[in-house]
file data-v9.cif (mmCIF, C-alpha atoms; chains and numbers go by the auth columns)
data_start
loop_
_atom_site.group_PDB
_atom_site.id
_atom_site.type_symbol
_atom_site.label_atom_id
_atom_site.label_comp_id
_atom_site.label_asym_id
_atom_site.label_seq_id
_atom_site.Cartn_x
_atom_site.Cartn_y
_atom_site.Cartn_z
_atom_site.B_iso_or_equiv
_atom_site.auth_seq_id
_atom_site.auth_asym_id
ATOM 1 C CA MET A 1 -9.787 -19.573 -53.968 0.00 1 A
ATOM 2 C CA GLU A 2 -9.286 -17.256 -50.986 0.00 2 A
ATOM 3 C CA ALA A 3 -5.894 -15.849 -50.116 0.00 3 A
ATOM 4 C CA PRO A 4 -4.323 -17.497 -47.064 0.00 4 A
ATOM 5 C CA THR A 5 -4.689 -15.513 -43.871 0.00 5 A
ATOM 6 C CA LYS A 6 -1.927 -14.889 -41.389 0.00 6 A
ATOM 7 C CA LYS A 7 -2.280 -16.630 -38.048 0.00 7 A
ATOM 8 C CA ARG A 8 -2.514 -14.173 -35.219 0.00 8 A
ATOM 9 C CA PRO A 9 -1.581 -14.948 -31.638 0.00 9 A
ATOM 10 C CA ARG A 10 -4.482 -15.682 -29.347 0.00 10 A
ATOM 11 C CA MET A 11 -5.129 -13.303 -26.472 0.00 11 A
ATOM 12 C CA SER A 12 -6.333 -14.409 -23.084 0.00 12 A
ATOM 13 C CA SER A 13 -9.619 -13.001 -21.928 0.00 13 A
ATOM 14 C CA SER A 14 -7.856 -10.726 -19.466 0.00 14 A
ATOM 15 C CA GLU A 15 -5.464 -9.124 -21.978 0.00 15 A
ATOM 16 C CA GLU A 16 -5.800 -5.610 -23.292 0.00 16 A
ATOM 17 C CA CYS A 17 -4.668 -4.514 -26.717 0.00 17 A
ATOM 18 C CA LYS A 18 -3.385 -1.152 -27.760 0.00 18 A
ATOM 19 C CA LEU A 19 -3.657 -0.286 -31.400 0.00 19 A
ATOM 20 C CA GLU A 20 -1.094 2.125 -32.734 0.00 20 A
ATOM 21 C CA LEU A 21 -2.577 4.020 -35.653 0.00 21 A
ATOM 22 C CA PRO A 22 -0.482 5.115 -38.649 0.00 22 A
ATOM 23 C CA ASN A 23 -0.846 8.762 -37.640 0.00 23 A
ATOM 24 C CA GLY A 24 0.952 7.986 -34.380 0.00 24 A
ATOM 25 C CA ASP A 25 -2.158 8.163 -32.196 0.00 25 A
ATOM 26 C CA SER A 26 -2.985 5.297 -29.894 0.00 26 A
ATOM 27 C CA GLY A 27 -6.286 3.659 -30.684 0.00 27 A
ATOM 28 C CA SER A 28 -8.795 3.025 -27.970 0.00 28 A
ATOM 29 C CA ARG A 29 -8.079 0.209 -25.569 0.00 29 A
ATOM 30 C CA LEU A 30 -10.115 -2.844 -26.288 0.00 30 A
ATOM 31 C CA GLU A 31 -10.801 -5.076 -23.367 0.00 31 A
ATOM 32 C CA SER A 32 -12.030 -8.521 -24.152 0.00 32 A
ATOM 33 C CA GLU A 33 -13.881 -8.793 -20.842 0.00 33 A
ATOM 34 C CA GLY A 34 -17.276 -10.237 -21.581 0.00 34 A
ATOM 35 C CA SER A 35 -16.498 -10.767 -25.273 0.00 35 A
ATOM 36 C CA SER A 36 -14.707 -13.445 -27.202 0.00 36 A
ATOM 37 C CA THR A 37 -11.158 -13.142 -28.468 0.00 37 A
ATOM 38 C CA GLU A 38 -12.472 -13.331 -32.018 0.00 38 A
ATOM 39 C CA ASN A 39 -14.730 -10.326 -31.406 0.00 39 A
ATOM 40 C CA GLY A 40 -11.773 -8.389 -30.019 0.00 40 A
ATOM 41 C CA ILE A 41 -9.681 -9.240 -33.086 0.00 41 A
ATOM 42 C CA GLU A 42 -12.584 -8.300 -35.376 0.00 42 A
ATOM 43 C CA ARG A 43 -12.871 -4.925 -33.630 0.00 43 A
ATOM 44 C CA LEU A 44 -9.111 -4.416 -33.967 0.00 44 A
ATOM 45 C CA GLN A 45 -9.311 -5.254 -37.683 0.00 45 A
ATOM 46 C CA GLN A 46 -12.193 -2.819 -38.154 0.00 46 A
ATOM 47 C CA THR A 47 -10.284 -0.116 -36.318 0.00 47 A
ATOM 48 C CA SER A 48 -7.222 -0.866 -38.475 0.00 48 A
ATOM 49 C CA GLU A 49 -9.261 -0.576 -41.644 0.00 49 A
ATOM 50 C CA LEU A 50 -10.759 2.704 -40.455 0.00 50 A
ATOM 51 C CA ALA A 51 -7.242 3.929 -39.776 0.00 51 A
ATOM 52 C CA GLY A 52 -6.248 3.187 -43.384 0.00 52 A
ATOM 53 C CA THR A 53 -4.319 -0.026 -42.846 0.00 53 A
ATOM 54 C CA SER A 54 -5.422 -3.589 -43.412 0.00 54 A
ATOM 55 C CA GLU A 55 -2.878 -5.155 -41.061 0.00 55 A
ATOM 56 C CA LEU A 56 -2.805 -5.257 -37.299 0.00 56 A
ATOM 57 C CA ARG A 57 0.032 -3.288 -35.763 0.00 57 A
ATOM 58 C CA ARG A 58 2.411 -5.008 -33.382 0.00 58 A
ATOM 59 C CA PRO A 59 1.799 -4.357 -29.730 0.00 59 A
ATOM 60 C CA LYS A 60 4.199 -1.839 -28.248 0.00 60 A
ATOM 61 C CA ARG A 61 7.510 -3.422 -27.333 0.00 61 A
ATOM 62 C CA PHE A 62 8.795 -3.688 -23.802 0.00 62 A
ATOM 63 C CA THR A 63 11.091 -0.787 -22.984 0.00 63 A
ATOM 64 C CA PHE A 64 13.750 -0.275 -20.340 0.00 64 A
ATOM 65 C CA SER A 65 13.629 2.551 -17.867 0.00 65 A
ATOM 66 C CA ALA A 66 15.748 5.578 -18.816 0.00 66 A
ATOM 67 C CA LYS A 67 17.850 5.423 -15.651 0.00 67 A
ATOM 68 C CA PRO A 68 20.407 4.275 -14.875 0.00 68 A
ATOM 69 C CA THR A 69 22.382 4.698 -18.089 0.00 69 A
ATOM 70 C CA LEU A 70 25.231 2.342 -18.981 0.00 70 A
ATOM 71 C CA GLU A 71 27.670 4.987 -17.784 0.00 71 A
ATOM 72 C CA GLU A 72 25.844 5.259 -14.472 0.00 72 A
ATOM 73 C CA ILE A 73 25.894 1.461 -14.116 0.00 73 A
ATOM 74 C CA ARG A 74 29.633 1.512 -14.838 0.00 74 A
ATOM 75 C CA GLN A 75 30.181 4.180 -12.189 0.00 75 A
ATOM 76 C CA ILE A 76 27.997 2.482 -9.563 0.00 76 A
ATOM 77 C CA HIS A 77 29.874 -0.778 -10.012 0.00 77 A
ATOM 78 C CA ALA A 78 33.279 0.957 -10.137 0.00 78 A
ATOM 79 C CA ASP A 79 32.470 2.530 -6.764 0.00 79 A
ATOM 80 C CA PHE A 80 31.369 -0.877 -5.462 0.00 80 A
ATOM 81 C CA THR A 81 34.615 -2.602 -6.506 0.00 81 A
ATOM 82 C CA ASP A 82 36.798 0.335 -5.329 0.00 82 A
ATOM 83 C CA GLU A 83 35.222 0.210 -1.850 0.00 83 A
ATOM 84 C CA ARG A 84 36.183 -3.481 -1.628 0.00 84 A
ATOM 85 C CA ASP A 85 39.601 -3.194 -3.289 0.00 85 A
ATOM 86 C CA TRP A 86 38.576 -5.770 -5.891 0.00 86 A
ATOM 87 C CA ASN A 87 40.092 -4.050 -8.920 0.00 87 A
ATOM 88 C CA GLN A 88 43.236 -6.095 -8.384 0.00 88 A
ATOM 89 C CA TYR A 89 41.177 -9.156 -9.400 0.00 89 A
ATOM 90 C CA HIS A 90 39.022 -7.541 -12.070 0.00 90 A
ATOM 91 C CA LYS A 91 41.283 -8.048 -15.080 0.00 91 A
ATOM 92 C CA PRO A 92 39.771 -8.604 -18.537 0.00 92 A
ATOM 93 C CA ARG A 93 40.279 -12.378 -18.566 0.00 93 A
ATOM 94 C CA ASN A 94 38.776 -12.822 -15.086 0.00 94 A
ATOM 95 C CA LEU A 95 35.812 -10.603 -15.930 0.00 95 A
ATOM 96 C CA LEU A 96 35.172 -12.530 -19.143 0.00 96 A
ATOM 97 C CA LEU A 97 35.238 -15.883 -17.328 0.00 97 A
ATOM 98 C CA ALA A 98 32.962 -14.530 -14.582 0.00 98 A
ATOM 99 C CA MET A 99 30.532 -13.242 -17.220 0.00 99 A
ATOM 100 C CA VAL A 100 30.497 -16.622 -18.995 0.00 100 A
ATOM 101 C CA GLY A 101 29.722 -18.256 -15.646 0.00 101 A
ATOM 102 C CA GLU A 102 26.798 -15.885 -15.158 0.00 102 A
ATOM 103 C CA VAL A 103 25.524 -16.601 -18.691 0.00 103 A
ATOM 104 C CA GLY A 104 25.596 -20.276 -17.673 0.00 104 A
ATOM 105 C CA GLU A 105 23.410 -19.423 -14.680 0.00 105 A
ATOM 106 C CA VAL A 106 20.939 -17.673 -17.006 0.00 106 A
ATOM 107 C CA ALA A 107 20.933 -20.751 -19.260 0.00 107 A
ATOM 108 C CA GLU A 108 20.298 -22.978 -16.253 0.00 108 A
ATOM 109 C CA LEU A 109 17.094 -21.054 -15.494 0.00 109 A
ATOM 110 C CA PHE A 110 15.811 -21.812 -19.005 0.00 110 A
ATOM 111 C CA GLN A 111 17.023 -25.426 -19.064 0.00 111 A
ATOM 112 C CA TRP A 112 14.263 -28.020 -19.532 0.00 112 A
ATOM 113 C CA LYS A 113 11.535 -25.416 -19.975 0.00 113 A
ATOM 114 C CA GLY A 114 11.157 -25.814 -23.741 0.00 114 A
ATOM 115 C CA GLU A 115 10.097 -22.706 -25.631 0.00 115 A
ATOM 116 C CA VAL A 116 9.301 -19.831 -23.314 0.00 116 A
ATOM 117 C CA ALA A 117 6.727 -17.154 -24.192 0.00 117 A
ATOM 118 C CA GLU A 118 7.723 -13.494 -24.226 0.00 118 A
ATOM 119 C CA GLY A 119 7.131 -11.878 -20.865 0.00 119 A
ATOM 120 C CA LEU A 120 7.541 -15.262 -19.127 0.00 120 A
ATOM 121 C CA PRO A 121 3.835 -15.610 -18.259 0.00 121 A
ATOM 122 C CA ASP A 122 4.302 -19.182 -16.998 0.00 122 A
ATOM 123 C CA TRP A 123 7.212 -18.341 -14.679 0.00 123 A
ATOM 124 C CA THR A 124 6.735 -17.739 -10.978 0.00 124 A
ATOM 125 C CA GLU A 125 7.606 -14.386 -9.472 0.00 125 A
ATOM 126 C CA LYS A 126 10.598 -16.049 -7.784 0.00 126 A
ATOM 127 C CA GLU A 127 11.869 -17.438 -11.129 0.00 127 A
ATOM 128 C CA GLN A 128 11.481 -14.041 -12.779 0.00 128 A
ATOM 129 C CA GLU A 129 13.389 -12.381 -9.935 0.00 129 A
ATOM 130 C CA GLN A 130 16.187 -14.970 -10.220 0.00 130 A
ATOM 131 C CA LEU A 131 16.421 -14.221 -13.935 0.00 131 A
ATOM 132 C CA ALA A 132 16.601 -10.479 -13.233 0.00 132 A
ATOM 133 C CA HIS A 133 19.494 -11.098 -10.803 0.00 133 A
ATOM 134 C CA GLU A 134 21.435 -13.293 -13.222 0.00 134 A
ATOM 135 C CA LEU A 135 20.901 -10.970 -16.194 0.00 135 A
ATOM 136 C CA SER A 136 22.063 -8.096 -13.989 0.00 136 A
ATOM 137 C CA ASP A 137 25.243 -10.004 -13.174 0.00 137 A
ATOM 138 C CA VAL A 138 25.863 -10.565 -16.897 0.00 138 A
ATOM 139 C CA LEU A 139 25.343 -6.875 -17.653 0.00 139 A
ATOM 140 C CA ILE A 140 27.558 -5.747 -14.770 0.00 140 A
ATOM 141 C CA TYR A 141 30.412 -7.973 -15.915 0.00 141 A
ATOM 142 C CA LEU A 142 29.914 -6.950 -19.559 0.00 142 A
ATOM 143 C CA VAL A 143 30.044 -3.243 -18.672 0.00 143 A
ATOM 144 C CA GLU A 144 33.108 -3.716 -16.480 0.00 144 A
ATOM 145 C CA LEU A 145 34.846 -5.812 -19.162 0.00 145 A
ATOM 146 C CA ALA A 146 34.165 -3.051 -21.696 0.00 146 A
ATOM 147 C CA GLU A 147 35.557 -0.503 -19.220 0.00 147 A
ATOM 148 C CA LYS A 148 38.753 -2.490 -18.625 0.00 148 A
ATOM 149 C CA CYS A 149 39.203 -2.965 -22.393 0.00 149 A
ATOM 150 C CA HIS A 150 38.453 0.746 -23.033 0.00 150 A
ATOM 151 C CA VAL A 151 35.480 -0.032 -25.272 0.00 151 A
ATOM 152 C CA ASP A 152 32.850 2.719 -25.283 0.00 152 A
ATOM 153 C CA LEU A 153 30.005 0.227 -25.365 0.00 153 A
ATOM 154 C CA PRO A 154 27.144 2.551 -26.397 0.00 154 A
ATOM 155 C CA GLN A 155 29.190 3.856 -29.354 0.00 155 A
ATOM 156 C CA ALA A 156 30.350 0.339 -30.247 0.00 156 A
ATOM 157 C CA VAL A 157 26.701 -0.790 -30.326 0.00 157 A
ATOM 158 C CA LEU A 158 25.795 2.022 -32.724 0.00 158 A
ATOM 159 C CA ARG A 159 28.672 1.090 -35.046 0.00 159 A
ATOM 160 C CA LYS A 160 27.762 -2.599 -34.888 0.00 160 A
ATOM 161 C CA VAL A 161 24.110 -1.934 -35.734 0.00 161 A
ATOM 162 C CA GLU A 162 25.229 0.046 -38.803 0.00 162 A
ATOM 163 C CA LEU A 163 27.463 -2.852 -39.892 0.00 163 A
ATOM 164 C CA ASN A 164 24.573 -5.281 -39.395 0.00 164 A
ATOM 165 C CA LYS A 165 22.315 -3.092 -41.543 0.00 165 A
ATOM 166 C CA GLN A 166 24.845 -3.422 -44.353 0.00 166 A
ATOM 167 C CA LYS A 167 25.231 -7.189 -43.889 0.00 167 A
ATOM 168 C CA TYR A 168 21.497 -7.769 -43.511 0.00 168 A
ATOM 169 C CA PRO A 169 19.552 -5.240 -45.615 0.00 169 A
ATOM 170 C CA ALA A 170 15.862 -5.461 -44.701 0.00 170 A
ATOM 171 C CA SER A 171 14.880 -5.655 -48.370 0.00 171 A
ATOM 172 C CA LYS A 172 16.926 -8.842 -48.747 0.00 172 A
ATOM 173 C CA VAL A 173 16.471 -10.631 -45.428 0.00 173 A
ATOM 174 C CA HIS A 174 12.993 -9.661 -44.210 0.00 174 A
ATOM 175 C CA GLY A 175 11.461 -12.643 -42.441 0.00 175 A
ATOM 176 C CA LEU A 176 14.481 -14.903 -43.054 0.00 176 A
ATOM 177 C CA ALA A 177 16.987 -16.208 -40.531 0.00 177 A
ATOM 178 C CA LYS A 178 20.125 -17.134 -42.434 0.00 178 A
ATOM 179 C CA LYS A 179 23.747 -16.111 -42.041 0.00 179 A
ATOM 180 C CA TYR A 180 24.632 -13.125 -44.225 0.00 180 A
ATOM 181 C CA THR A 181 26.916 -15.299 -46.403 0.00 181 A
ATOM 182 C CA GLU A 182 23.898 -17.408 -47.442 0.00 182 A
ATOM 183 C CA TYR A 183 21.966 -14.554 -49.080 0.00 183 A
ATOM 184 C CA THR A 184 22.292 -14.072 -52.814 0.00 184 A
ATOM 185 C CA ASP A 185 21.737 -10.876 -54.773 0.00 185 A
#
call {"tool": "encode", "arguments": {"input": "data-v9.cif", "output": "structure tokens"}}
result
Amino acid sequence: MEAPTKKRPRMSSSEECKLELPNGDSGSRLESEGSSTENGIERLQQTSELAGTSELRRPKRFTFSAKPTLEEIRQIHADFTDERDWNQYHKPRNLLLAMVGEVGEVAELFQWKGEVAEGLPDWTEKEQEQLAHELSDVLIYLVELAEKCHVDLPQAVLRKVELNKQKYPASKVHGLAKKYTEYTD
């Protein structure tokens, strides 16, 4: 009996794949133009085997631009609110409620769409732009709320990630989605 194989996501004929080799080099780009998806996957598997690994590597993750930083976003928005004399209204409770309202607007964009693929390939450019605006509003309010509460958000994130590593050790939770209290030793 053969071992079960992992299902791999299908690629459209216009997609390109980048293979990241274990030595850190990027493999050659494989375009599936004129060839079937299966042939492209076979070539990726062969390249993986040549590189000393039997598994396909994940495609590179989406990354944010380096600028502006959270501190720069905080400063830009602080200047914006100062110029309008809005600080008198931007108290922690008001900022929190405004942020929750913006999260609701993000949720509204996803409502009735079912599962949505990463990268939003089925969304129109207008829908994607709306999402960018609403997510920006959420981030702006989050950063300003952190400022008003004197929370150094980047440092708080680092501390929280370390706590999460302790609560969810990769060796115990890999591939599982349970609350940390449900895992047994």
call {"tool": "resolve_selection", "arguments": {"input": "data-v9.cif", "expression": "the PyMOL selection byres ((chain A and resi 120-135) around 10)", "output": "PDB file with C-alpha atoms, keeping the file's coordinate frame"}}
result
ATOM      1  CA  MET A  99      30.532 -13.242 -17.220  1.00  0.00           C
ATOM      2  CA  GLY A 101      29.722 -18.256 -15.646  1.00  0.00           C
ATOM      3  CA  GLU A 102      26.798 -15.885 -15.158  1.00  0.00           C
ATOM      4  CA  VAL A 103      25.524 -16.601 -18.691  1.00  0.00           C
ATOM      5  CA  GLY A 104      25.596 -20.276 -17.673  1.00  0.00           C
ATOM      6  CA  GLU A 105      23.410 -19.423 -14.680  1.00  0.00           C
ATOM      7  CA  VAL A 106      20.939 -17.673 -17.006  1.00  0.00           C
ATOM      8  CA  ALA A 107      20.933 -20.751 -19.260  1.00  0.00           C
ATOM      9  CA  GLU A 108      20.298 -22.978 -16.253  1.00  0.00           C
ATOM     10  CA  LEU A 109      17.094 -21.054 -15.494  1.00  0.00           C
ATOM     11  CA  PHE A 110      15.811 -21.812 -19.005  1.00  0.00           C
ATOM     12  CA  LYS A 113      11.535 -25.416 -19.975  1.00  0.00           C
ATOM     13  CA  VAL A 116       9.301 -19.831 -23.314  1.00  0.00           C
ATOM     14  CA  ALA A 117       6.727 -17.154 -24.192  1.00  0.00           C
ATOM     15  CA  GLU A 118       7.723 -13.494 -24.226  1.00  0.00           C
ATOM     16  CA  GLY A 119       7.131 -11.878 -20.865  1.00  0.00           C
ATOM     17  CA  SER A 136      22.063  -8.096 -13.989  1.00  0.00           C
ATOM     18  CA  ASP A 137      25.243 -10.004 -13.174  1.00  0.00           C
ATOM     19  CA  VAL A 138      25.863 -10.565 -16.897  1.00  0.00           C
ATOM     20  CA  LEU A 139      25.343  -6.875 -17.653  1.00  0.00           C
ATOM     21  CA  ILE A 140      27.558  -5.747 -14.770  1.00  0.00           C
ATOM     22  CA  TYR A 141      30.412  -7.973 -15.915  1.00  0.00           C
TER      23      TYR A 141
END
call {"tool": "atom_distance", "arguments": {"input": "data-v9.cif", "atom1": "atom CA of A:Thr63", "atom2": "atom CA of A:Pro169"}}
result
24.6 Å
call {"tool": "atom_distance", "arguments": {"input": "data-v9.cif", "atom1": "atom CA of A:Ile76", "atom2": "atom CA of A:Glu144"}}
result
10.6 Å
call {"tool": "atom_distance", "arguments": {"input": "data-v9.cif", "atom1": "atom CA of A:Gln155", "atom2": "atom CA of A:Val143"}}
result
12.9 Å
call {"tool": "closest_residue", "arguments": {"input": "data-v9.cif", "among": "A:Leu97, A:Ala177, A:Leu70, A:Ala78", "to": "A:Leu153", "atoms": "all atoms listed in the file"}}
result
A:Leu70
call {"tool": "residues_around", "arguments": {"input": "data-v9.cif", "residues": "stretch 81-87 of chain A", "least_positions_apart": "4", "cutoff": "12 Å", "atoms": "all atoms listed in the file", "output": "JSON, numbers by chain"}}
result
{"A": [74, 75, 76, 77, 91, 92, 94, 95, 140, 141, 144, 145, 147, 148]}
call {"tool": "resolve_selection", "arguments": {"input": "data-v9.cif", "expression": "the PyMOL selection byres ((chain A and resi 168) around 12)", "output": "ChimeraX atom specification"}}
result
/A:160-167,169-185
call {"tool": "write_last_selection", "arguments": {"input": "data-v9.cif", "atoms": "C-alpha atoms", "output": "compact mmCIF listing (two decimals), in the coordinates of the input"}}
result
# COMPACT_ATOMS: atom_id res chain seq x y z
CA LYS A 160 27.76 -2.60 -34.89
CA VAL A 161 24.11 -1.93 -35.73
CA GLU A 162 25.23 0.05 -38.80
CA LEU A 163 27.46 -2.85 -39.89
CA ASN A 164 24.57 -5.28 -39.40
CA LYS A 165 22.32 -3.09 -41.54
CA GLN A 166 24.84 -3.42 -44.35
CA LYS A 167 25.23 -7.19 -43.89
CA PRO A 169 19.55 -5.24 -45.62
CA ALA A 170 15.86 -5.46 -44.70
CA SER A 171 14.88 -5.66 -48.37
CA LYS A 172 16.93 -8.84 -48.75
CA VAL A 173 16.47 -10.63 -45.43
CA HIS A 174 12.99 -9.66 -44.21
CA GLY A 175 11.46 -12.64 -42.44
CA LEU A 176 14.48 -14.90 -43.05
CA ALA A 177 16.99 -16.21 -40.53
CA LYS A 178 20.12 -17.13 -42.43
CA LYS A 179 23.75 -16.11 -42.04
CA TYR A 180 24.63 -13.12 -44.22
CA THR A 181 26.92 -15.30 -46.40
CA GLU A 182 23.90 -17.41 -47.44
CA TYR A 183 21.97 -14.55 -49.08
CA THR A 184 22.29 -14.07 -52.81
CA ASP A 185 21.74 -10.88 -54.77
call {"tool": "residues_around", "arguments": {"input": "data-v9.cif", "residues": "A:Pro154", "least_positions_apart": "4", "cutoff": "9 Å", "atoms": "only C-alpha atoms", "output": "PyMOL selection string"}}
result
chain A and resi 70-71+158-159
call {"tool": "axis_aligned_box", "arguments": {"input": "data-v9.cif", "around": "stretch 120-137 of chain A", "padding_each_side": "6 Å", "output": "lines of an AutoDock Vina configuration file"}}
result
center_x = 14.5
center_y = -13.6
center_z = -13.5
size_x = 33.4
size_y = 23.1
size_z = 23.3
